[in-house]
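Engineer: This is the content of query.txt (compact mmCIF, C-alpha atoms):
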# COMPACT_ATOMS: atom_id res chain seq x y z
CA MET Z 39 -19.49 -163.58 -21.57
CA ARG Z 40 -20.85 -166.04 -19.02
CA ALA Z 41 -22.07 -169.48 -20.02
CA PRO Z 42 -25.75 -168.75 -19.14
CA ASP Z 43 -25.64 -165.60 -21.28
CA LEU Z 44 -24.02 -167.54 -24.11
CA LEU Z 45 -26.74 -170.22 -24.05
CA ARG Z 46 -29.50 -167.61 -23.80
CA LEU Z 47 -28.22 -165.69 -26.82
CA ALA Z 48 -27.79 -168.92 -28.82
CA LEU Z 49 -31.33 -170.06 -27.94
CA GLU Z 50 -32.86 -166.67 -28.80
CA SER Z 51 -31.08 -166.73 -32.16
CA LEU Z 52 -32.46 -170.19 -32.95
CA LEU Z 53 -35.98 -169.18 -31.94
CA ARG Z 54 -35.85 -166.12 -34.20
CA ALA Z 55 -35.22 -168.38 -37.21
CA ARG Z 56 -37.69 -171.16 -36.37
CA LEU Z 57 -38.01 -172.62 -39.87
CA ARG Z 58 -34.26 -172.85 -40.31
CA SER Z 59 -33.83 -174.38 -36.86
CA VAL Z 60 -36.60 -176.93 -37.33
CA MET Z 61 -35.15 -177.98 -40.69
CA MET Z 62 -31.73 -178.70 -39.18
CA LEU Z 63 -33.26 -180.38 -36.11
CA VAL Z 64 -35.34 -182.72 -38.29
CA ALA Z 65 -32.30 -183.64 -40.41
CA MET Z 66 -30.30 -184.58 -37.33
CA ALA Z 67 -33.26 -186.43 -35.79
CA ILE Z 68 -33.72 -188.55 -38.92
CA GLY Z 69 -30.06 -189.55 -38.81
CA VAL Z 70 -30.18 -190.60 -35.16
CA ALA Z 71 -33.50 -192.43 -35.59
CA ALA Z 72 -32.07 -194.30 -38.59
CA VAL Z 73 -29.13 -195.54 -36.52
CA ILE Z 74 -31.42 -196.63 -33.68
CA VAL Z 75 -33.94 -198.45 -35.90
CA LEU Z 76 -31.47 -200.18 -38.23
CA THR Z 77 -29.21 -201.39 -35.45
CA SER Z 78 -32.30 -202.56 -33.54
CA LEU Z 79 -33.37 -204.67 -36.51
CA GLY Z 80 -29.90 -206.20 -36.85
CA GLU Z 81 -29.61 -206.85 -33.12
CA GLY Z 82 -33.16 -208.19 -33.01
CA ALA Z 83 -32.39 -210.67 -35.77
CA ARG Z 84 -29.26 -211.78 -33.91
CA ARG Z 85 -31.16 -212.26 -30.65
CA TYR Z 86 -33.95 -214.15 -32.41
CA VAL Z 87 -31.59 -216.61 -34.08
CA THR Z 88 -29.57 -216.99 -30.87
CA GLY Z 89 -32.72 -217.73 -28.90
CA GLU Z 90 -33.90 -220.26 -31.46
CA PHE Z 91 -30.60 -222.14 -31.33
CA GLN Z 92 -30.32 -221.97 -27.54
CA ALA Z 93 -33.82 -223.45 -27.30
CA LEU Z 94 -32.35 -226.63 -28.76
CA GLY Z 95 -29.85 -226.91 -25.92
CA THR Z 96 -26.09 -226.59 -25.77
CA ASP Z 97 -25.33 -230.32 -25.93
CA LEU Z 98 -26.44 -230.92 -29.53
CA ILE Z 99 -24.24 -232.29 -32.33
CA ILE Z 100 -25.44 -232.23 -35.93
CA VAL Z 101 -24.16 -234.77 -38.48
CA LEU Z 102 -24.54 -233.80 -42.14
CA PRO Z 103 -23.66 -235.83 -45.24
CA GLY Z 104 -20.68 -234.46 -47.18
CA ARG Z 105 -17.50 -232.98 -45.78
CA SER Z 106 -17.15 -229.20 -45.77
CA GLU Z 107 -13.93 -227.92 -47.32
CA THR Z 108 -12.29 -224.56 -46.74
CA THR Z 109 -12.94 -223.81 -50.42
CA GLY Z 110 -16.67 -224.25 -49.88
CA LEU Z 111 -16.75 -227.21 -52.28
CA GLN Z 112 -17.57 -230.81 -51.57
CA PRO Z 113 -14.81 -233.38 -52.04
CA GLY Z 114 -14.90 -235.18 -55.35
CA MET Z 115 -17.14 -232.56 -56.93
CA PHE Z 116 -15.00 -232.18 -60.04
CA ALA Z 117 -14.52 -235.94 -60.30
CA GLY Z 118 -18.25 -236.49 -60.57
CA GLU Z 119 -18.50 -238.14 -57.14
CA THR Z 120 -21.29 -237.55 -54.66
CA PRO Z 121 -21.04 -237.74 -50.86
CA ARG Z 122 -22.03 -241.06 -49.31
CA ASP Z 123 -25.49 -240.87 -47.76
CA LEU Z 124 -26.17 -241.17 -44.06
CA THR Z 125 -28.28 -244.22 -43.17
CA LEU Z 126 -30.30 -245.54 -40.27
CA GLY Z 127 -27.42 -247.94 -39.64
CA ASP Z 128 -25.10 -244.96 -39.13
CA ALA Z 129 -27.57 -243.46 -36.68
CA GLN Z 130 -27.96 -246.73 -34.77
CA ALA Z 131 -24.17 -247.10 -34.51
CA LEU Z 132 -23.88 -243.70 -32.82
CA LEU Z 133 -25.97 -244.94 -29.90
CA ARG Z 134 -23.12 -247.26 -28.94
CA ILE Z 135 -20.89 -244.28 -28.13
CA PRO Z 136 -20.67 -243.92 -24.29
CA SER Z 137 -20.79 -240.10 -24.40
CA VAL Z 138 -23.94 -240.04 -26.58
CA ALA Z 139 -27.29 -239.96 -24.78
CA ARG Z 140 -29.77 -239.84 -27.67
CA ILE Z 141 -29.90 -239.66 -31.46
CA ALA Z 142 -32.64 -238.45 -33.78
CA PRO Z 143 -32.32 -239.17 -37.51
CA ILE Z 144 -34.32 -236.86 -39.76
CA VAL Z 145 -36.00 -237.38 -43.12
CA ILE Z 146 -37.92 -234.40 -44.47
CA GLY Z 147 -40.26 -233.85 -47.40
CA SER Z 148 -43.56 -232.27 -48.39
CA VAL Z 149 -46.68 -234.21 -49.41
CA PRO Z 150 -50.47 -233.71 -49.34
CA VAL Z 151 -52.10 -234.59 -46.02
CA SER Z 152 -55.86 -235.09 -45.90
CA ALA Z 153 -58.61 -235.93 -43.44
CA ALA Z 154 -62.20 -236.52 -44.58
CA GLN Z 155 -62.73 -234.03 -47.42
CA LEU Z 156 -60.04 -231.59 -46.29
CA SER Z 157 -56.51 -231.62 -47.69
CA ARG Z 158 -53.40 -229.46 -47.71
CA GLU Z 159 -49.69 -229.67 -48.52
CA VAL Z 160 -47.54 -229.78 -45.38
CA PRO Z 161 -43.94 -230.64 -44.49
CA VAL Z 162 -43.64 -234.21 -43.22
CA LEU Z 163 -40.74 -235.05 -40.93
CA GLY Z 164 -39.61 -238.59 -40.24
CA THR Z 165 -37.77 -239.19 -36.98
CA ASN Z 166 -37.87 -241.29 -33.78
CA ALA Z 167 -39.15 -240.96 -30.22
CA ASP Z 168 -36.01 -239.18 -28.97
CA PHE Z 169 -36.66 -236.22 -31.26
CA LEU Z 170 -39.09 -234.82 -28.68
CA VAL Z 171 -36.34 -234.56 -26.04
CA VAL Z 172 -33.52 -233.64 -28.40
CA ARG Z 173 -35.48 -230.67 -29.78
CA ASN Z 174 -37.05 -229.67 -26.43
CA LEU Z 175 -40.59 -229.98 -27.77
CA ALA Z 176 -43.79 -230.34 -25.78
CA MET Z 177 -47.02 -232.20 -26.44
CA GLY Z 178 -50.37 -230.46 -26.41
CA GLN Z 179 -52.47 -233.62 -26.64
CA GLY Z 180 -51.84 -237.35 -26.72
CA GLN Z 181 -48.33 -238.77 -26.96
CA PHE Z 182 -45.28 -238.56 -29.19
CA LEU Z 183 -43.94 -241.34 -31.42
CA PRO Z 184 -43.52 -244.59 -29.47
CA PRO Z 185 -39.99 -245.84 -28.79
CA GLY Z 186 -38.72 -248.74 -30.87
CA GLU Z 187 -36.22 -249.82 -33.49
CA LEU Z 188 -35.36 -247.22 -36.10
CA ASP Z 189 -36.23 -249.54 -38.97
CA ARG Z 190 -39.69 -250.29 -37.60
CA ASP Z 191 -42.48 -249.07 -39.88
CA MET Z 192 -45.48 -247.77 -37.92
CA ALA Z 193 -48.52 -246.02 -39.38
CA VAL Z 194 -48.82 -243.42 -36.61
CA CYS Z 195 -48.22 -239.68 -36.68
CA VAL Z 196 -48.05 -236.54 -34.57
CA ILE Z 197 -49.46 -233.33 -36.04
CA GLY Z 198 -49.02 -229.63 -35.37
CA SER Z 199 -51.76 -227.52 -33.82
CA LYS Z 200 -52.52 -225.65 -37.06
CA VAL Z 201 -52.78 -228.90 -39.02
CA ARG Z 202 -55.18 -230.20 -36.37
CA SER Z 203 -57.41 -227.12 -36.56
CA GLU Z 204 -57.50 -227.09 -40.37
CA LEU Z 205 -58.09 -230.81 -40.93
CA PHE Z 206 -60.20 -231.72 -37.91
CA ALA Z 207 -61.85 -228.40 -36.95
CA ASP Z 208 -63.96 -229.15 -33.85
CA ARG Z 209 -63.57 -232.93 -34.10
CA PRO Z 210 -61.04 -234.68 -31.81
CA ALA Z 211 -57.79 -235.33 -33.66
CA VAL Z 212 -56.17 -237.90 -31.36
CA GLY Z 213 -57.43 -241.31 -32.38
CA GLY Z 214 -58.48 -240.08 -35.80
CA SER Z 215 -56.70 -240.81 -39.04
CA VAL Z 216 -55.12 -238.84 -41.86
CA ARG Z 217 -53.96 -239.84 -45.30
CA ILE Z 218 -50.34 -238.91 -45.99
CA GLY Z 219 -49.20 -239.33 -49.56
CA GLY Z 220 -51.78 -242.04 -50.23
CA ARG Z 221 -51.17 -243.97 -46.99
CA ARG Z 222 -53.37 -243.87 -43.89
CA PHE Z 223 -51.81 -242.91 -40.52
CA ARG Z 224 -53.42 -242.83 -37.10
CA VAL Z 225 -53.00 -239.56 -35.15
CA ILE Z 226 -51.61 -240.29 -31.69
CA GLY Z 227 -50.67 -236.78 -30.59
CA VAL Z 228 -50.75 -233.04 -31.24
CA LEU Z 229 -47.73 -230.80 -30.65
CA SER Z 230 -48.16 -227.83 -28.37
CA ASP Z 231 -48.31 -224.37 -29.90
CA THR Z 232 -44.54 -223.76 -29.75
CA GLY Z 233 -44.09 -221.52 -32.80
CA ARG Z 234 -41.12 -221.85 -35.12
CA ALA Z 235 -37.89 -223.74 -34.52
CA ILE Z 236 -34.97 -223.27 -36.93
CA GLY Z 237 -36.75 -223.29 -40.24
CA PHE Z 238 -39.77 -225.41 -39.22
CA ASP Z 239 -43.16 -224.05 -38.26
CA LEU Z 240 -44.08 -226.70 -35.71
CA GLN Z 241 -47.75 -225.77 -35.95
CA GLU Z 242 -47.79 -226.90 -39.59
CA LEU Z 243 -45.64 -230.01 -39.20
CA VAL Z 244 -46.57 -233.68 -39.41
CA ILE Z 245 -44.15 -236.11 -37.74
CA ILE Z 246 -44.03 -239.82 -38.59
CA PRO Z 247 -41.56 -242.65 -37.82
CA VAL Z 248 -38.33 -242.32 -39.77
CA ARG Z 249 -38.68 -245.67 -41.55
CA SER Z 250 -42.20 -244.78 -42.63
CA ALA Z 251 -40.88 -241.50 -44.02
CA GLN Z 252 -38.19 -243.32 -46.00
CA GLN Z 253 -40.80 -245.51 -47.60
CA LEU Z 254 -43.06 -242.52 -48.22
CA PHE Z 255 -40.29 -240.59 -50.01
CA ASN Z 256 -38.70 -243.71 -51.55
CA THR Z 257 -35.24 -243.20 -50.03
CA GLU Z 258 -32.84 -245.18 -47.87
CA SER Z 259 -30.86 -242.15 -46.68
CA VAL Z 260 -31.48 -239.63 -43.92
CA PHE Z 261 -31.27 -235.86 -44.23
CA ARG Z 262 -29.19 -235.44 -41.07
CA ILE Z 263 -28.68 -236.97 -37.63
CA LEU Z 264 -29.11 -235.01 -34.41
CA VAL Z 265 -26.94 -236.31 -31.59
CA GLN Z 266 -27.36 -235.28 -27.95
CA ALA Z 267 -24.33 -235.66 -25.69
CA ARG Z 268 -24.77 -236.82 -22.10
CA ASP Z 269 -23.69 -233.41 -20.84
CA ARG Z 270 -21.90 -230.31 -22.08
CA ASP Z 271 -18.51 -231.49 -20.80
CA GLU Z 272 -18.80 -234.57 -23.01
CA MET Z 273 -19.27 -232.53 -26.20
CA PRO Z 274 -15.64 -232.62 -27.51
CA ARG Z 275 -15.35 -236.35 -26.77
CA ALA Z 276 -18.73 -237.10 -28.34
CA GLN Z 277 -17.97 -235.04 -31.44
CA ALA Z 278 -14.66 -236.86 -32.02
CA ALA Z 279 -16.30 -240.25 -31.41
CA VAL Z 280 -19.14 -239.51 -33.84
CA ARG Z 281 -16.67 -238.59 -36.56
CA GLU Z 282 -14.62 -241.72 -35.87
CA VAL Z 283 -17.63 -244.07 -35.96
CA ILE Z 284 -19.04 -242.65 -39.20
CA THR Z 285 -15.59 -242.70 -40.83
CA GLY Z 286 -15.17 -246.33 -39.86
CA ARG Z 287 -18.54 -247.25 -41.34
CA HIS Z 288 -17.74 -245.37 -44.57
CA GLN Z 289 -14.60 -247.38 -45.38
CA GLY Z 290 -12.24 -244.90 -43.75
CA GLU Z 291 -13.53 -241.91 -45.75
CA GLU Z 292 -14.36 -238.86 -43.64
CA ASP Z 293 -17.27 -237.77 -45.80
CA VAL Z 294 -19.53 -236.17 -43.21
CA THR Z 295 -19.63 -232.80 -41.49
CA VAL Z 296 -19.94 -232.90 -37.71
CA ILE Z 297 -20.81 -229.55 -36.14
CA THR Z 298 -21.89 -228.51 -32.68
CA GLN Z 299 -24.70 -226.22 -31.72
CA ASP Z 300 -22.21 -223.70 -30.30
CA ALA Z 301 -20.30 -223.60 -33.59
CA VAL Z 302 -23.46 -222.87 -35.57
CA LEU Z 303 -24.52 -220.26 -33.03
CA ALA Z 304 -21.10 -218.57 -33.09
CA THR Z 305 -21.22 -218.39 -36.89
CA PHE Z 306 -24.65 -216.78 -36.92
CA ASP Z 307 -23.60 -214.44 -34.13
CA ARG Z 308 -20.63 -213.20 -36.17
CA ILE Z 309 -22.77 -212.77 -39.27
CA PHE Z 310 -25.46 -210.74 -37.53
CA THR Z 311 -22.95 -208.68 -35.57
CA ALA Z 312 -21.25 -207.72 -38.85
CA LEU Z 313 -24.67 -206.95 -40.34
CA THR Z 314 -25.58 -204.72 -37.40
CA LEU Z 315 -22.28 -202.83 -37.65
CA THR Z 316 -22.80 -202.38 -41.38
CA LEU Z 317 -26.29 -201.02 -40.84
CA ALA Z 318 -24.96 -198.66 -38.17
CA GLY Z 319 -22.29 -197.41 -40.59
CA ILE Z 320 -24.83 -196.83 -43.35
CA ALA Z 321 -27.19 -194.99 -41.01
CA SER Z 322 -24.32 -192.87 -39.65
CA VAL Z 323 -23.84 -191.41 -43.12
CA SER Z 324 -27.14 -189.61 -42.65
CA LEU Z 325 -25.69 -187.98 -39.54
CA ALA Z 326 -22.77 -186.67 -41.58
CA VAL Z 327 -25.24 -185.34 -44.16
CA ALA Z 328 -27.16 -183.63 -41.36
CA GLY Z 329 -23.89 -182.09 -40.13
CA ILE Z 330 -23.13 -180.73 -43.60
CA LEU Z 331 -26.62 -179.25 -43.69
CA ILE Z 332 -25.96 -177.53 -40.37
CA MET Z 333 -22.71 -176.11 -41.75
CA ASN Z 334 -24.33 -174.77 -44.91
CA VAL Z 335 -27.28 -173.22 -43.11
CA MET Z 336 -25.03 -171.71 -40.45
CA LEU Z 337 -22.82 -170.18 -43.18
CA VAL Z 338 -25.91 -168.55 -44.64
CA ALA Z 339 -26.89 -167.38 -41.15
CA VAL Z 340 -23.48 -165.77 -40.66
CA SER Z 341 -23.92 -163.79 -43.90
CA GLN Z 342 -27.36 -162.65 -42.73
CA ARG Z 343 -26.17 -161.66 -39.25
CA THR Z 344 -23.08 -159.63 -40.06
CA ALA Z 345 -24.57 -156.53 -38.42
CA GLU Z 346 -25.24 -158.50 -35.23
CA VAL Z 347 -21.66 -159.79 -35.19
CA GLY Z 348 -20.35 -156.27 -35.77
CA LEU Z 349 -22.41 -154.95 -32.85
CA LEU Z 350 -21.12 -157.66 -30.55
CA LYS Z 351 -17.54 -156.87 -31.52
CA ALA Z 352 -18.15 -153.17 -31.05
CA LEU Z 353 -19.40 -153.92 -27.54
CA GLY Z 354 -16.12 -155.70 -26.77
CA ALA Z 355 -16.86 -159.34 -27.64
CA ARG Z 356 -13.68 -161.18 -28.51
CA ARG Z 357 -13.18 -163.69 -31.34
CA ARG Z 358 -13.31 -166.59 -28.93
CA GLN Z 359 -16.69 -165.44 -27.62
CA ILE Z 360 -18.15 -164.98 -31.12
CA THR Z 361 -16.91 -168.44 -32.07
CA ALA Z 362 -18.44 -169.90 -28.92
CA LEU Z 363 -21.79 -168.21 -29.64
CA PHE Z 364 -22.20 -169.68 -33.11
CA LEU Z 365 -20.78 -173.00 -32.01
CA ALA Z 366 -23.29 -173.13 -29.15
CA GLU Z 367 -26.12 -172.74 -31.66
CA ALA Z 368 -24.86 -175.69 -33.70
CA VAL Z 369 -24.41 -177.82 -30.57
CA LEU Z 370 -27.90 -176.96 -29.29
CA LEU Z 371 -29.38 -177.99 -32.62
CA SER Z 372 -27.40 -181.24 -32.60
CA VAL Z 373 -28.39 -182.13 -29.04
CA ALA Z 374 -32.05 -181.30 -29.64
CA GLY Z 375 -32.01 -183.27 -32.91
CA ALA Z 376 -30.27 -186.23 -31.23
CA ALA Z 377 -32.83 -186.29 -28.40
CA THR Z 378 -35.72 -186.06 -30.86
CA GLY Z 379 -34.22 -188.80 -33.04
CA LEU Z 380 -33.67 -191.01 -30.00
CA ALA Z 381 -37.31 -190.69 -29.01
CA ALA Z 382 -38.48 -191.26 -32.59
CA GLY Z 383 -36.23 -194.31 -32.97
CA HIS Z 384 -37.58 -195.92 -29.81
CA ALA Z 385 -41.13 -195.14 -30.93
CA VAL Z 386 -40.53 -196.90 -34.27
CA ASN Z 387 -38.99 -199.84 -32.41
CA TRP Z 388 -42.09 -200.06 -30.24
CA VAL Z 389 -44.31 -200.16 -33.34
CA ILE Z 390 -42.15 -202.88 -34.93
CA GLY Z 391 -42.25 -204.85 -31.69
CA ARG Z 392 -46.04 -204.70 -31.67
CA MET Z 393 -46.24 -205.78 -35.31
CA TYR Z 394 -43.69 -208.61 -34.95
CA PRO Z 395 -43.76 -209.82 -31.32
CA ALA Z 396 -41.38 -212.71 -32.04
CA LEU Z 397 -38.61 -210.29 -33.03
CA PRO Z 398 -36.85 -208.93 -29.91
CA VAL Z 399 -36.30 -205.42 -31.25
CA GLY Z 400 -34.06 -203.19 -29.16
CA ALA Z 401 -31.10 -200.97 -29.96
CA PRO Z 402 -27.84 -202.09 -28.32
CA ALA Z 403 -26.37 -199.61 -25.85
CA TRP Z 404 -23.32 -198.99 -28.03
CA ALA Z 405 -25.54 -197.96 -30.95
CA VAL Z 406 -27.41 -195.41 -28.82
CA VAL Z 407 -24.15 -193.95 -27.55
CA LEU Z 408 -22.67 -193.97 -31.07
CA ALA Z 409 -25.69 -192.15 -32.50
CA LEU Z 410 -25.70 -189.47 -29.80
CA VAL Z 411 -21.94 -188.92 -29.86
CA THR Z 412 -21.84 -188.80 -33.67
CA ALA Z 413 -24.73 -186.34 -33.76
CA VAL Z 414 -23.13 -183.97 -31.27
CA ALA Z 415 -19.70 -184.37 -32.89
CA SER Z 416 -21.21 -183.56 -36.30
CA GLY Z 417 -22.71 -180.38 -34.88
CA VAL Z 418 -19.39 -179.34 -33.34
CA ILE Z 419 -17.21 -180.20 -36.35
CA PHE Z 420 -19.45 -178.79 -39.04
CA GLY Z 421 -20.46 -175.80 -36.93
CA LEU Z 422 -16.86 -174.79 -36.34
CA MET Z 423 -16.29 -173.31 -39.83
CA PRO Z 424 -19.27 -170.91 -39.72
CA ALA Z 425 -18.36 -169.92 -36.15
CA ARG Z 426 -14.77 -169.12 -37.08
CA ARG Z 427 -15.92 -167.21 -40.15
CA ALA Z 428 -18.19 -165.07 -37.98
CA ALA Z 429 -15.38 -164.45 -35.52
CA ARG Z 430 -13.05 -163.19 -38.30
CA LEU Z 431 -15.47 -160.52 -39.54
CA ASP Z 432 -14.18 -156.96 -39.30
CA PRO Z 433 -16.42 -155.06 -36.86
CA VAL Z 434 -16.60 -151.87 -38.97
CA VAL Z 435 -17.46 -153.77 -42.16
CA ALA Z 436 -19.92 -155.98 -40.25
CA LEU Z 437 -21.72 -152.96 -38.73
CA ALA Z 438 -22.08 -151.56 -42.23
CA GLY Z 439 -23.89 -154.78 -43.15
CA ARG Z 440 -21.28 -155.94 -45.63
CA ARG Z 441 -20.16 -159.53 -45.94
Mind turning the file's structure into structure tokens?
Structural biologist:
Amino acid sequence: MRAPDLLRLALESLLRARLRSVMMLVAMAIGVAAVIVLTSLGEGARRYVTGEFQALGTDLIIVLPGRSETTGLQPGMFAGETPRDLTLGDAQALLRIPSVARIAPIVIGSVPVSAAQLSREVPVLGTNADFLVVRNLAMGQGQFLPPGELDRDMAVCVIGSKVRSELFADRPAVGGSVRIGGRRFRVIGVLSDTGRAIGFDLQELVIIPVRSAQQLFNTESVFRILVQARDRDEMPRAQAAVREVITGRHQGEEDVTVITQDAVLATFDRIFTALTLTLAGIASVSLAVAGILIMNVMLVAVSQRTAEVGLLKALGARRRQITALFLAEAVLLSVAGAATGLAAGHAVNWVIGRMYPALPVGAPAWAVVLALVTAVASGVIFGLMPARRAARLDPVVALAGRR
């Protein structure tokens, strides 16, 4: 039996049992679409986080209070000790490191911000003038915080675009004033509409000088210190120097965590890669279920087509040819289901991309190949048993219509 004849017979058999064929095709398509969509979501999340971190630059060092241990606990936890706070003095000392270009201490909190009769609760971030460059931000109107000493208290602020529209409406914001936590600040600038940046919605943010924020939140410590190295090659030297300076200022106790942007990015990359692989594995189970469905339906089809098998054997068809015929049906169903699932998966991805434009949804190439190969392999593996059963039928018994 020639290959074209084999495919024609297999296709005619599938068309004769349309309902059965459509049911198996849909099952396989759902499995493939599930793999495509779930891996796209995992990969999209990984790309989004990677893009957010890369937007900050590759020369950033982050200093956090408290030293991370391999156990996940802070030192002195069971002794009732707390990590020593970071201070503006610590931040100022880091500027004396030759390999450090800029520093940006951060104090963060949430308080009511009002203008005229309008008021709303917004996150307020205290920092210095270098924060604009360190975080790669852009101004929409006016100017950013003026340069000066870190401990200088100034009643000026920069607001996000959404805060401006909600508190000032059509009135000009720059030059106006807002009340932040009971204190009046003059608006000197509005951030450009730059979206979100690692946990902060910049459109809803109010930025004030770091010393003003400390007084507002009644604290002498800083949440963290962002340090920008002079260039990427200086990163290892700058990281070691930062740790050494802070340790020296804290009486020889290394009680801070110094991490680089690349280290944070690599950690998130590993987490989301593992998540994507897990989602792919879960979705692949549906392909195995679809393969089992193909096997069960094909076994029923063999019992219903015993007379056809007997006729083929009576006409001289060998076992190998009978096996190939039934196997070709299973493979055709798998390929058609895989193609349909691939199209459906990409269609769902397109819809998700339209609903959430910030999420770069797209299935990785390996996931597409995995879905297609697994679908076809399921059809071959689970279609082999019914095909071999049909090939072993006795022609005389089969022609009599017995199973």
Engineer: Work out how far apart atom CA of Z:Ala65 and atom CA of Z:Gly80 are and give it in Å to one decimal.
Structural biologist: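 It comes out at 23.0 Å.
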Engineer: Compare Z:Ile284, Z:Ile332, Z:Ala376, Z:Ile419 by their minimum atom-to-atom distance to Z:Arg105, counting all atoms listed in the file, and give me the closest one.
Structural biologist: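 Result for the nearest residue to Z:Arg105: Z:Ile284.
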Engineer: Between Z:Ile74, Z:Val145, Z:Leu188, Z:Leu370, which has the minimum distance to Z:Val407 (counting all atoms listed in the file)?
Structural biologist: Z:Ile74
Engineer: Could you check the closest approach to Z:Ala385 for each of Z:Ser157, Z:Ser78, Z:Gln253, Z:Ser152 and tell me which residue wins, using only C-alpha atoms?
Structural biologist: Z:Ser78
Engineer: So which residues fall inside 9 Å of (-59.2, -228.4, -44.5) if we count only C-alpha atoms? Mind giving them as a PyMOL selection string?
Structural biologist: chain Z and resi 152-158+201+203-207
Engineer: Let's have the selection written as a PDB file, in the coordinates of the input, with C-alpha atoms.
Structural biologist:
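In the end it all went to result-v1.pdb:
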ATOM      1  CA  SER Z 152     -55.860-235.090 -45.900  1.00  0.00           C
ATOM      2  CA  ALA Z 153     -58.610-235.930 -43.440  1.00  0.00           C
ATOM      3  CA  ALA Z 154     -62.200-236.520 -44.580  1.00  0.00           C
ATOM      4  CA  GLN Z 155     -62.730-234.030 -47.420  1.00  0.00           C
ATOM      5  CA  LEU Z 156     -60.040-231.590 -46.290  1.00  0.00           C
ATOM      6  CA  SER Z 157     -56.510-231.620 -47.690  1.00  0.00           C
ATOM      7  CA  ARG Z 158     -53.400-229.460 -47.710  1.00  0.00           C
ATOM      8  CA  VAL Z 201     -52.780-228.900 -39.020  1.00  0.00           C
ATOM      9  CA  SER Z 203     -57.410-227.120 -36.560  1.00  0.00           C
ATOM     10  CA  GLU Z 204     -57.500-227.090 -40.370  1.00  0.00           C
ATOM     11  CA  LEU Z 205     -58.090-230.810 -40.930  1.00  0.00           C
ATOM     12  CA  PHE Z 206     -60.200-231.720 -37.910  1.00  0.00           C
ATOM     13  CA  ALA Z 207     -61.850-228.400 -36.950  1.00  0.00           C
TER      14      ALA Z 207
END
Engineer: Can you work out the spacing between atom CA of Z:Phe223 and atom CA of Z:Leu102 in Å, to one decimal?
Structural biologist: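 Computing the Euclidean distance for atom CA of Z:Phe223 and atom CA of Z:Leu102 yields 28.8 Å.
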Engineer: State, in Å with one decimal place, the distance from atom CA of Z:Val386 to atom CA of Z:Glu81.
Structural biologist: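 Distance between the two atoms: 14.8 Å.
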Engineer: Ranking Z:Leu397, Z:Gly220, Z:Leu63, Z:Val194 by minimum distance to Z:Gly417 and counting only C-alpha atoms, which one comes first?
Structural biologist: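 Nearest to Z:Gly417: Z:Leu63.
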Engineer: Between Z:Leu132, Z:Val75, Z:Leu175, Z:Met61, which one has atoms that come closest to Z:Val283, using only C-alpha atoms?
Structural biologist: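 Among Z:Leu132, Z:Val75, Z:Leu175, Z:Met61, it is Z:Leu132 that comes nearest to Z:Val283.
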